[in-house]
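One file, protein_5.txt, carrying compact mmCIF, C-alpha atoms:
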```txt
# COMPACT_ATOMS: atom_id res chain seq x y z
CA MET E 1 77.98 76.92 91.95
CA LYS E 2 77.69 76.36 95.69
CA PHE E 3 78.53 79.18 98.10
CA GLY E 4 82.03 77.96 98.99
CA THR E 5 82.97 77.60 95.34
CA ASP E 6 81.72 81.10 94.55
CA CYS E 7 83.90 82.46 97.37
CA LEU E 8 86.90 81.21 95.40
CA HIS E 9 85.87 81.68 91.78
CA ALA E 10 82.97 84.13 91.33
CA GLY E 11 83.71 87.40 89.58
CA TYR E 12 86.96 86.38 87.91
CA ARG E 13 87.90 83.57 85.55
CA PRO E 14 91.40 83.80 84.07
CA ALA E 15 91.89 83.03 80.41
CA ASN E 16 94.71 80.84 79.14
CA GLY E 17 98.01 82.03 80.59
CA GLU E 18 96.45 84.80 82.72
CA PRO E 19 97.01 85.26 86.49
CA ARG E 20 95.17 82.71 88.59
CA ASN E 21 94.49 85.28 91.34
CA ILE E 22 92.63 88.52 90.68
CA PRO E 23 95.44 90.83 89.55
CA ILE E 24 96.15 94.15 91.26
CA ILE E 25 95.63 96.80 88.57
CA GLN E 26 97.54 99.55 90.33
CA SER E 27 96.98 102.29 87.77
CA THR E 28 95.13 105.58 87.92
CA THR E 29 94.33 105.65 84.21
CA PHE E 30 93.84 103.46 81.13
CA ARG E 31 95.08 104.09 77.59
CA TYR E 32 92.97 104.28 74.42
CA GLU E 33 93.89 104.63 70.77
CA THR E 34 91.44 107.47 70.03
CA SER E 35 89.61 110.19 71.91
CA ALA E 36 86.36 108.97 70.34
CA GLU E 37 86.72 105.61 72.14
CA MET E 38 87.25 107.36 75.47
CA GLY E 39 84.35 109.69 74.76
CA MET E 40 82.02 106.71 74.53
CA LEU E 41 83.06 105.71 78.06
CA PHE E 42 82.29 109.18 79.39
CA ASP E 43 78.87 109.03 77.72
CA LEU E 44 78.16 105.60 79.30
CA GLU E 45 77.76 104.21 75.80
CA LYS E 46 80.51 101.63 76.21
CA GLU E 47 81.86 99.53 79.08
CA GLY E 48 85.46 100.00 80.11
CA TYR E 49 87.88 101.83 82.36
CA PHE E 50 89.36 105.28 82.12
CA TYR E 51 89.97 106.54 85.68
CA THR E 52 90.24 104.49 88.88
CA ARG E 53 88.26 107.01 90.90
CA LEU E 54 85.17 105.64 89.17
CA GLN E 55 86.02 102.03 88.38
CA ASN E 56 88.97 99.68 88.47
CA PRO E 57 89.20 96.07 87.18
CA THR E 58 90.45 94.70 90.53
CA SER E 59 87.63 96.34 92.47
CA ASP E 60 85.02 95.31 89.92
CA ALA E 61 86.07 91.65 90.05
CA VAL E 62 85.77 91.57 93.85
CA ALA E 63 82.45 93.45 93.70
CA ALA E 64 81.18 90.83 91.26
CA ARG E 65 82.20 88.11 93.73
CA ILE E 66 80.23 89.75 96.56
CA CYS E 67 77.31 90.26 94.18
CA ALA E 68 77.26 86.53 93.41
CA LEU E 69 77.42 85.62 97.10
CA GLU E 70 74.46 87.87 97.91
CA GLY E 71 72.50 86.78 94.82
CA GLY E 72 72.29 90.32 93.44
CA SER E 73 72.21 91.90 89.99
CA ALA E 74 74.97 94.52 90.38
CA ALA E 75 77.46 95.68 93.01
CA MET E 76 80.19 98.20 93.74
CA LEU E 77 83.05 98.53 96.21
CA LEU E 78 83.68 101.66 98.25
CA SER E 79 86.46 102.94 100.48
CA SER E 80 84.61 102.14 103.73
CA GLY E 81 81.41 100.74 105.15
CA GLN E 82 80.46 104.28 106.19
CA ALA E 83 80.69 105.37 102.56
CA ALA E 84 78.49 102.42 101.59
CA SER E 85 75.81 103.46 104.09
CA PHE E 86 75.91 107.04 102.84
CA PHE E 87 75.83 106.17 99.14
CA SER E 88 73.06 103.60 99.59
CA VAL E 89 70.69 106.27 100.92
CA PHE E 90 71.93 109.41 99.15
CA ASN E 91 71.63 107.64 95.80
CA ILE E 92 67.83 107.86 96.12
CA ALA E 93 67.20 110.58 98.74
CA SER E 94 68.04 114.27 98.73
CA ALA E 95 67.17 117.50 100.54
CA GLY E 96 63.52 117.51 101.57
CA ASP E 97 63.24 113.73 101.66
CA HIS E 98 62.67 111.36 104.56
CA VAL E 99 64.03 107.93 105.53
CA VAL E 100 62.89 105.45 108.18
CA ALA E 101 65.62 103.50 109.98
CA SER E 102 65.89 100.97 112.77
CA SER E 103 67.18 102.58 115.96
CA ALA E 104 69.39 99.53 116.63
CA ILE E 105 72.22 100.31 114.23
CA TYR E 106 75.96 100.98 114.40
CA GLY E 107 76.74 104.25 116.20
CA GLY E 108 78.63 105.67 113.24
CA THR E 109 75.65 105.03 110.96
CA TYR E 110 73.29 106.61 113.48
CA ASN E 111 75.47 109.73 113.62
CA LEU E 112 75.68 109.84 109.81
CA PHE E 113 71.89 109.73 109.54
CA ALA E 114 70.82 111.76 112.58
CA VAL E 115 73.41 114.53 112.31
CA THR E 116 75.35 114.78 109.05
CA MET E 117 72.66 113.81 106.55
CA LYS E 118 70.10 115.80 108.52
CA ARG E 119 72.29 118.86 107.85
CA MET E 120 72.00 117.96 104.17
CA GLY E 121 68.21 118.25 104.44
CA ILE E 122 67.30 114.56 104.75
CA ASP E 123 65.12 113.77 107.75
CA PHE E 124 65.28 110.41 109.55
CA THR E 125 62.77 108.70 111.81
CA PHE E 126 64.20 105.93 114.00
CA VAL E 127 61.95 103.06 114.99
CA ASP E 128 62.36 100.24 117.48
CA PRO E 129 63.20 97.11 115.42
CA ASP E 130 60.76 95.19 117.63
CA CYS E 131 57.89 97.59 116.91
CA SER E 132 54.55 96.31 115.68
CA GLU E 133 53.57 96.43 112.02
CA GLU E 134 51.21 99.28 112.85
CA GLU E 135 53.93 101.29 114.60
CA LEU E 136 56.30 100.72 111.70
CA ALA E 137 53.71 101.81 109.13
CA ALA E 138 53.02 104.99 111.12
CA ALA E 139 56.65 106.11 110.68
CA PHE E 140 56.30 106.51 106.91
CA ARG E 141 55.53 109.83 105.22
CA PRO E 142 54.62 110.76 101.63
CA ASN E 143 58.26 111.84 101.08
CA THR E 144 59.83 108.68 102.58
CA LYS E 145 62.41 107.24 100.16
CA ALA E 146 63.84 104.19 101.96
CA LEU E 147 63.73 101.91 105.01
CA PHE E 148 67.09 100.95 106.59
CA GLY E 149 68.12 98.27 109.09
CA GLU E 150 70.91 95.87 110.09
CA THR E 151 70.57 92.08 109.87
CA ILE E 152 72.39 91.76 113.21
CA ALA E 153 72.70 95.13 114.90
CA ASN E 154 76.11 96.34 116.06
CA PRO E 155 76.53 96.08 119.07
CA ALA E 156 72.99 95.41 120.39
CA LEU E 157 72.85 92.09 118.44
CA THR E 158 69.19 92.68 117.61
CA VAL E 159 68.09 90.38 114.78
CA LEU E 160 66.03 92.28 112.22
CA ASP E 161 62.71 90.77 111.15
CA ILE E 162 63.56 91.28 107.48
CA GLU E 163 60.23 90.06 106.16
CA LYS E 164 58.30 92.45 108.41
CA PHE E 165 60.47 95.40 107.37
CA ALA E 166 60.32 94.42 103.67
CA LYS E 167 56.54 94.18 103.80
CA ALA E 168 56.28 97.66 105.31
CA ALA E 169 58.75 99.15 102.83
CA HIS E 170 56.99 97.72 99.80
CA ALA E 171 53.55 98.71 101.09
CA HIS E 172 54.81 102.30 100.99
CA GLY E 173 56.60 102.00 97.66
CA VAL E 174 60.18 102.23 98.94
CA PRO E 175 63.14 99.81 98.98
CA LEU E 176 64.45 98.06 102.08
CA ILE E 177 68.19 98.60 102.58
CA VAL E 178 69.86 96.07 104.89
CA ASP E 179 73.36 96.30 106.31
CA ASN E 180 74.46 92.66 106.27
CA THR E 181 77.92 93.19 107.76
CA PHE E 182 77.65 90.99 110.86
CA ALA E 183 75.77 88.16 109.16
CA THR E 184 77.65 88.10 105.84
CA PRO E 185 75.95 86.31 102.95
CA TYR E 186 77.19 83.03 104.42
CA LEU E 187 74.80 83.29 107.38
CA CYS E 188 71.99 85.29 105.75
CA ARG E 189 71.07 86.50 102.25
CA PRO E 190 68.58 89.34 102.86
CA PHE E 191 67.36 89.37 99.24
CA GLU E 192 65.78 85.97 99.84
CA TRP E 193 63.62 87.57 102.56
CA GLY E 194 62.49 90.62 100.59
CA ALA E 195 65.32 93.15 101.01
CA ASP E 196 66.14 95.23 97.93
CA ILE E 197 69.62 96.61 98.60
CA VAL E 198 72.40 95.22 100.81
CA THR E 199 75.38 97.08 102.22
CA HIS E 200 78.55 95.83 103.91
CA SER E 201 81.44 97.14 105.87
CA THR E 202 83.83 94.75 104.15
CA THR E 203 86.36 95.78 106.80
CA LYS E 204 84.73 93.18 109.04
CA TYR E 205 84.10 89.48 108.31
CA LEU E 206 84.38 89.69 104.51
CA ASP E 207 88.03 90.75 104.78
CA GLY E 208 88.35 88.93 108.10
CA HIS E 209 91.88 89.91 109.02
CA ALA E 210 91.69 93.61 110.00
CA ALA E 211 93.94 94.31 107.04
CA THR E 212 91.87 96.64 104.88
CA VAL E 213 89.03 99.12 105.25
CA GLY E 214 86.25 98.92 102.68
CA GLY E 215 82.55 98.85 101.87
CA ALA E 216 80.18 97.36 99.34
CA ILE E 217 76.66 97.93 98.01
CA VAL E 218 74.70 95.19 96.23
CA ASP E 219 71.43 95.72 94.35
CA SER E 220 68.96 92.85 94.15
CA GLY E 221 67.54 94.12 90.86
CA ASN E 222 64.05 93.46 92.24
CA PHE E 223 62.77 96.93 93.13
CA ASP E 224 60.70 98.50 90.35
CA TRP E 225 61.92 102.10 90.24
CA GLU E 226 59.75 102.86 87.20
CA LYS E 227 56.61 101.91 89.13
CA TYR E 228 57.39 104.79 91.50
CA ALA E 229 58.95 107.08 88.90
CA ASP E 230 57.77 110.30 90.55
CA LYS E 231 59.44 109.28 93.80
CA TYR E 232 62.84 108.49 92.23
CA PRO E 233 63.47 111.09 89.51
CA GLY E 234 67.23 110.62 89.81
CA LEU E 235 66.83 107.16 88.33
CA THR E 236 63.79 107.63 86.09
CA THR E 237 64.37 111.03 84.46
CA PRO E 238 67.25 112.24 82.24
CA ASP E 239 70.58 112.99 83.93
CA ASP E 240 71.91 116.22 82.42
CA SER E 241 75.43 115.45 83.68
CA TYR E 242 75.47 112.40 81.38
CA HIS E 243 73.88 113.85 78.27
CA GLY E 244 70.34 113.05 79.23
CA ILE E 245 70.70 109.36 80.04
CA THR E 246 67.81 107.88 82.03
CA TYR E 247 69.31 105.13 84.16
CA THR E 248 66.28 102.85 84.36
CA LYS E 249 65.79 102.96 80.60
CA LYS E 250 69.47 102.59 79.73
CA PHE E 251 70.50 99.98 82.32
CA GLY E 252 67.24 98.36 83.36
CA ARG E 253 65.94 97.43 86.77
CA GLY E 254 69.03 95.34 87.53
CA GLY E 255 71.65 97.95 86.69
CA ALA E 256 70.17 101.42 87.15
CA TYR E 257 70.79 101.89 90.88
CA ILE E 258 74.46 100.82 90.95
CA THR E 259 75.29 102.58 87.67
CA LYS E 260 73.94 105.85 89.04
CA ALA E 261 75.85 105.39 92.31
CA VAL E 262 79.09 104.89 90.39
CA ALA E 263 78.55 107.43 87.60
CA GLN E 264 77.26 110.21 89.87
CA LEU E 265 78.24 109.68 93.49
CA MET E 266 81.62 108.01 93.05
CA ARG E 267 82.46 110.57 90.38
CA ASP E 268 81.63 113.47 92.72
CA PHE E 269 82.55 112.13 96.19
CA GLY E 270 85.48 109.89 95.24
CA SER E 271 85.05 107.28 98.00
CA THR E 272 87.21 104.94 95.97
CA PRO E 273 88.80 101.74 97.31
CA ALA E 274 92.48 101.24 96.54
CA PRO E 275 93.09 98.31 94.16
CA MET E 276 95.39 96.76 96.75
CA ASN E 277 92.60 96.90 99.34
CA ALA E 278 90.21 95.24 96.91
CA PHE E 279 92.78 92.51 96.27
CA LEU E 280 93.17 91.81 100.00
CA LEU E 281 89.39 91.72 100.37
CA GLY E 282 89.16 89.18 97.57
CA LEU E 283 91.69 86.96 99.36
CA GLY E 284 89.76 87.23 102.61
CA ILE E 285 86.49 86.19 100.99
CA GLU E 286 88.07 82.94 99.79
CA THR E 287 88.00 81.54 103.34
CA LEU E 288 84.74 83.16 104.48
CA PRO E 289 82.73 79.92 105.02
CA LEU E 290 85.51 78.29 107.05
CA ARG E 291 86.02 81.35 109.20
CA MET E 292 82.33 82.00 109.85
CA GLU E 293 81.77 78.44 111.03
CA LYS E 294 84.61 78.81 113.54
CA HIS E 295 83.53 82.30 114.64
CA CYS E 296 79.99 81.05 115.30
CA SER E 297 81.00 77.89 117.17
CA ASN E 298 83.49 79.80 119.33
CA ALA E 299 80.97 82.55 120.09
CA LEU E 300 78.26 80.10 121.11
CA ALA E 301 80.62 78.29 123.47
CA ILE E 302 81.67 81.58 125.07
CA ALA E 303 78.08 82.83 125.34
CA GLU E 304 77.08 79.59 127.09
CA HIS E 305 80.03 79.97 129.47
CA LEU E 306 79.23 83.61 130.27
CA GLU E 307 75.59 82.74 130.98
CA LYS E 308 76.73 80.66 133.94
CA HIS E 309 79.41 83.04 135.25
CA PRO E 310 78.53 84.66 138.61
CA LYS E 311 80.15 87.99 137.66
CA VAL E 312 78.13 88.38 134.45
CA THR E 313 74.68 89.98 134.82
CA TRP E 314 73.33 89.28 131.34
CA VAL E 315 74.37 87.85 127.96
CA ARG E 316 73.03 88.71 124.52
CA TYR E 317 73.65 86.22 121.73
CA ALA E 318 70.88 85.08 119.40
CA GLY E 319 72.33 81.58 119.23
CA LEU E 320 71.33 80.97 122.85
CA PRO E 321 67.92 79.24 123.22
CA GLY E 322 66.82 81.75 125.86
CA ASP E 323 67.79 84.84 123.87
CA LYS E 324 65.04 87.29 122.90
CA TYR E 325 65.98 86.96 119.21
CA HIS E 326 66.58 83.22 119.12
CA ALA E 327 63.45 82.48 117.07
CA LEU E 328 64.37 85.13 114.48
CA ALA E 329 67.92 83.76 114.40
CA GLU E 330 66.63 80.26 113.71
CA LYS E 331 64.61 81.69 110.82
CA TYR E 332 67.15 84.06 109.26
CA LEU E 333 70.48 82.71 110.61
CA PRO E 334 70.23 78.91 110.73
CA LYS E 335 74.00 78.45 110.28
CA GLY E 336 74.91 80.63 113.25
CA ALA E 337 74.44 84.04 114.86
CA CYS E 338 77.90 85.50 113.98
CA GLY E 339 80.93 85.75 116.24
CA VAL E 340 79.99 88.73 118.40
CA VAL E 341 78.69 88.37 121.96
CA SER E 342 77.46 91.27 124.11
CA PHE E 343 77.24 91.03 127.90
CA GLY E 344 77.23 93.02 131.11
CA VAL E 345 79.69 92.73 133.99
CA LYS E 346 78.47 93.06 137.58
CA GLY E 347 79.45 96.50 138.78
CA GLY E 348 78.48 98.40 135.64
CA ARG E 349 80.68 100.66 133.53
CA SER E 350 83.73 100.70 135.82
CA ALA E 351 83.65 96.92 136.22
CA ALA E 352 83.37 96.48 132.45
CA GLU E 353 86.44 98.64 131.89
CA GLN E 354 88.34 96.81 134.64
CA PHE E 355 87.48 93.47 133.02
CA MET E 356 88.67 94.65 129.60
CA ASN E 357 91.94 95.94 131.03
CA GLY E 358 92.64 92.50 132.47
CA LEU E 359 92.37 90.56 129.22
CA LYS E 360 95.60 89.10 127.81
CA ILE E 361 94.55 87.54 124.48
CA ALA E 362 91.67 89.80 123.50
CA SER E 363 92.69 93.28 122.37
CA VAL E 364 90.86 96.44 123.36
CA ALA E 365 90.27 97.81 119.87
CA THR E 366 87.80 99.89 117.90
CA HIS E 367 87.20 96.98 115.63
CA VAL E 368 85.08 93.89 115.39
CA ALA E 369 84.65 90.73 113.33
CA ASP E 370 88.13 89.60 112.39
CA ALA E 371 90.39 86.63 113.02
CA LYS E 372 91.75 87.93 116.34
CA THR E 373 89.51 88.43 119.36
CA CYS E 374 88.88 92.05 120.31
CA VAL E 375 86.71 93.78 122.88
CA LEU E 376 85.14 97.23 123.18
CA HIS E 377 82.99 99.29 125.52
CA PRO E 378 80.63 100.94 122.96
CA ALA E 379 79.14 103.54 125.33
CA SER E 380 82.66 104.97 125.75
CA ALA E 381 83.75 104.53 122.11
CA THR E 382 81.65 103.90 118.99
CA HIS E 383 78.41 105.18 120.59
CA ARG E 384 79.81 107.88 122.88
CA GLN E 385 78.15 110.63 120.78
CA MET E 386 74.71 109.36 121.90
CA ASN E 387 72.86 110.54 124.99
CA ASP E 388 71.35 108.04 127.47
CA GLU E 389 67.98 108.01 125.69
CA GLU E 390 69.58 107.36 122.31
CA LEU E 391 71.81 104.65 123.80
CA ALA E 392 68.75 102.90 125.23
CA ALA E 393 66.97 103.08 121.85
CA ALA E 394 70.02 101.55 120.19
CA GLY E 395 70.12 98.74 122.76
CA VAL E 396 73.43 99.91 124.23
CA SER E 397 73.49 99.92 128.03
CA PRO E 398 76.34 101.61 129.94
CA ASP E 399 77.66 98.24 131.10
CA LEU E 400 77.59 96.57 127.65
CA VAL E 401 80.81 94.85 126.60
CA ARG E 402 81.09 93.90 122.92
CA PHE E 403 83.21 90.77 122.67
CA SER E 404 84.20 89.91 119.10
CA VAL E 405 85.22 86.26 119.23
CA GLY E 406 88.14 85.38 116.98
CA LEU E 407 89.56 82.14 115.65
CA GLU E 408 91.79 81.30 118.61
CA ASP E 409 91.33 78.06 120.53
CA VAL E 410 88.10 78.60 122.44
CA GLU E 411 89.53 77.07 125.63
CA ASP E 412 92.24 79.74 125.65
CA LEU E 413 89.63 82.48 125.19
CA ILE E 414 87.47 81.16 128.02
CA ALA E 415 90.51 80.99 130.31
CA ASP E 416 91.38 84.58 129.40
CA ILE E 417 87.83 85.74 130.19
CA ASP E 418 87.84 83.91 133.52
CA GLN E 419 91.14 85.33 134.73
CA ALA E 420 90.05 88.85 133.76
CA LEU E 421 86.71 88.48 135.55
CA GLU E 422 88.51 87.28 138.68
CA ARG E 423 90.15 90.71 138.92
CA VAL E 424 86.82 92.55 138.94
```

Written as structure tokens, that's how I'd like the structure from this file.
Amino acid sequence: MKFGTDCLHAGYRPANGEPRNIPIIQSTTFRYETSAEMGMLFDLEKEGYFYTRLQNPTSDAVAARICALEGGSAAMLLSSGQAASFFSVFNIASAGDHVVASSAIYGGTYNLFAVTMKRMGIDFTFVDPDCSEEELAAAFRPNTKALFGETIANPALTVLDIEKFAKAAHAHGVPLIVDNTFATPYLCRPFEWGADIVTHSTTKYLDGHAATVGGAIVDSGNFDWEKYADKYPGLTTPDDSYHGITYTKKFGRGGAYITKAVAQLMRDFGSTPAPMNAFLLGLGIETLPLRMEKHCSNALAIAEHLEKHPKVTWVRYAGLPGDKYHALAEKYLPKGACGVVSFGVKGGRSAAEQFMNGLKIASVATHVADAKTCVLHPASATHRQMNDEELAAAGVSPDLVRFSVGLEDVEDLIADIDQALERV
């Protein structure tokens, strides 16, 4: 099926007389006739549901839809994008291990890696996404377990050279994990460029309406865990908590990673999405292609307008021909560079805040990538835990305004921007 058709039908096909929409299975538990049948589920010997903390039919159907859109082999939903980032790394790295990550990532992810997971004994090295192949290779260590980056960085709007990062990861025997939140699989499918695992904050464009928080992880099924068995014992050696099952042997290359993340991490951490949230996410995905086209066209028009405005010092949007990442965007994002534009207002931080306060349509909100336009000053909000050096490495200047372009009439949005800039 084509992409737009999969947005509507992938992951769920009702039988005769069954609900046409994915049903909301709002139940904590599932009944069985015998304890032996349930025991087989606990031993991972049989597929099925017994407790929603681990799996739920509504969530699994929506996960299967996202899996199809990304072209993966297996997927899971989580309660947030932050949980997805954590699970994606912690599933294969533990105390004493090391991970390389792009420095241009979402502030919450940076804090998770640099502070919280460091306290858990996992060390992170952050590299400039524009670094040379030699500089990237130098960041790896014998105990490196993964390489992490964002397709389009939030809020720096750096476009990741996925092929370069994939080449480096595979040369060192580790998977490339790519957060594809801003691009969505409509604009870019990282697996086609060598990525091995994709994560999403489904809270953003996949839901598209700021109605539900969620996350997703998709496995490509391409990374050969058995080839590097000594490096990934959690996948390639028996799991005593599941009666000695070896995930790669039991579930193969295409199922081992996600099965372990569900059976171990979801069991123990419980970052479970509510069935209702999964249902709303499934509805949002149905219109993803239509929304992304409008987001991209609106954002390009606004970026072009801001480029010419006398009170704007700089504009960052990869869809602009003069943008630093335009060539990479043409390669990886031929349908558009998402709906987020970053720019600086003359006068710096205080001018940026004054501009935001003057907006009438756009909302000042700690959110991004939904149907309604919203705006944020990252240095004061999502990235405020970073010092000046860390902000610079992440591509976040003190005057940066993140403008998430919604689905409103673009002429109204431009008029709103102009009247707010007049007050600065």

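Closest approach to Cys7 of chain E from the set E:Ala64, E:Val396, E:Leu112, E:Ile105 is made by E:Ala64, with distances taken over all atoms listed in the file.
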
Notebook entry, point to check: In Å to one decimal, how far is atom CA of Gly214 of chain E from atom CA of Asp43 of chain E?
Noted result: 27.9 Å

Next item on the list: Rank nothing, just name the residue among E:Cys374, E:Leu320, E:Ala210, E:Ile285 nearest to Ala10 of chain E, using all atoms listed in the file.
Entry: E:Ile285

Checklist line | For Thr28 of chain E: contacts at 9 Å, all atoms listed in the file, fewer than 6 positions along chain excluded, given as a PyMOL selection string | finding: chain E and resi 50-53+56

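Distance check against Val262 of chain E using all atoms listed in the file: of E:Val405, E:Leu136, E:Tyr247, E:Tyr317, the minimum falls on E:Tyr247.
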
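The smallest atom-to-atom distance between Glu307 of chain E and any of E:Phe403, E:Tyr205, E:Phe343, E:Tyr325, using only C-alpha atoms, is found for E:Phe343.
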
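Nearest to Leu147 of chain E of all the residues E:Pro175, E:Gly221, E:Gly252, E:Pro129 is E:Pro175, counting all atoms listed in the file.
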
Quick one: residues within 8 Å of Val218 of chain E, all atoms listed in the file, excluding same-chain residues fewer than 4 positions away - as a short mmCIF file (atom, residue, chain, number, x, y, z; two decimals) with C-alpha atoms, keeping the file's coordinate frame?
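Printed below is result.cif as written:
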```cif
data_model
loop_
_atom_site.label_atom_id
_atom_site.label_comp_id
_atom_site.auth_asym_id
_atom_site.auth_seq_id
_atom_site.Cartn_x
_atom_site.Cartn_y
_atom_site.Cartn_z
CA ILE E 66 80.23 89.75 96.56
CA CYS E 67 77.31 90.26 94.18
CA GLU E 70 74.46 87.87 97.91
CA GLY E 72 72.29 90.32 93.44
CA SER E 73 72.21 91.90 89.99
CA ALA E 74 74.97 94.52 90.38
CA ALA E 75 77.46 95.68 93.01
CA MET E 76 80.19 98.20 93.74
CA ILE E 197 69.62 96.61 98.60
CA VAL E 198 72.40 95.22 100.81
CA THR E 199 75.38 97.08 102.22
CA ILE E 258 74.46 100.82 90.95
#
```

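Across E:Glu389, E:Asp123, E:Asp323, E:Asp370, the tightest approach to Leu206 of chain E is made by E:Asp370 when counting all atoms listed in the file.
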
Would you mind putting back N, CA and C atoms on segment 86-98 of chain E, then writing it out as a short mmCIF file (atom, residue, chain, number, x, y, z; two decimals), in the coordinates of the input?
```cif
data_model
loop_
_atom_site.label_atom_id
_atom_site.label_comp_id
_atom_site.auth_asym_id
_atom_site.auth_seq_id
_atom_site.Cartn_x
_atom_site.Cartn_y
_atom_site.Cartn_z
N PHE E 86 76.27 105.72 103.38
CA PHE E 86 75.91 107.04 102.84
C PHE E 86 75.43 106.95 101.40
N PHE E 87 76.19 106.29 100.55
CA PHE E 87 75.83 106.17 99.14
C PHE E 87 74.49 105.46 98.96
N SER E 88 74.26 104.41 99.77
CA SER E 88 73.06 103.60 99.59
C SER E 88 71.80 104.44 99.76
N VAL E 89 71.85 105.41 100.67
CA VAL E 89 70.69 106.27 100.92
C VAL E 89 70.71 107.49 100.01
N PHE E 90 71.85 108.15 99.92
CA PHE E 90 71.93 109.41 99.15
C PHE E 90 71.71 109.19 97.66
N ASN E 91 71.87 107.95 97.21
CA ASN E 91 71.63 107.64 95.80
C ASN E 91 70.16 107.82 95.42
N ILE E 92 69.26 107.76 96.42
CA ILE E 92 67.83 107.86 96.12
C ILE E 92 67.11 108.89 96.98
N ALA E 93 67.82 109.56 97.89
CA ALA E 93 67.20 110.58 98.74
C ALA E 93 68.03 111.84 98.70
N SER E 94 67.34 112.98 98.75
CA SER E 94 68.04 114.27 98.73
C SER E 94 67.31 115.24 99.64
N ALA E 95 67.75 116.50 99.64
CA ALA E 95 67.17 117.50 100.54
C ALA E 95 65.65 117.54 100.40
N GLY E 96 64.97 117.51 101.55
CA GLY E 96 63.52 117.51 101.57
C GLY E 96 62.90 116.14 101.67
N ASP E 97 63.73 115.10 101.59
CA ASP E 97 63.24 113.73 101.66
C ASP E 97 63.33 113.18 103.08
N HIS E 98 62.77 111.99 103.25
CA HIS E 98 62.67 111.36 104.56
C HIS E 98 63.02 109.89 104.44
#
```
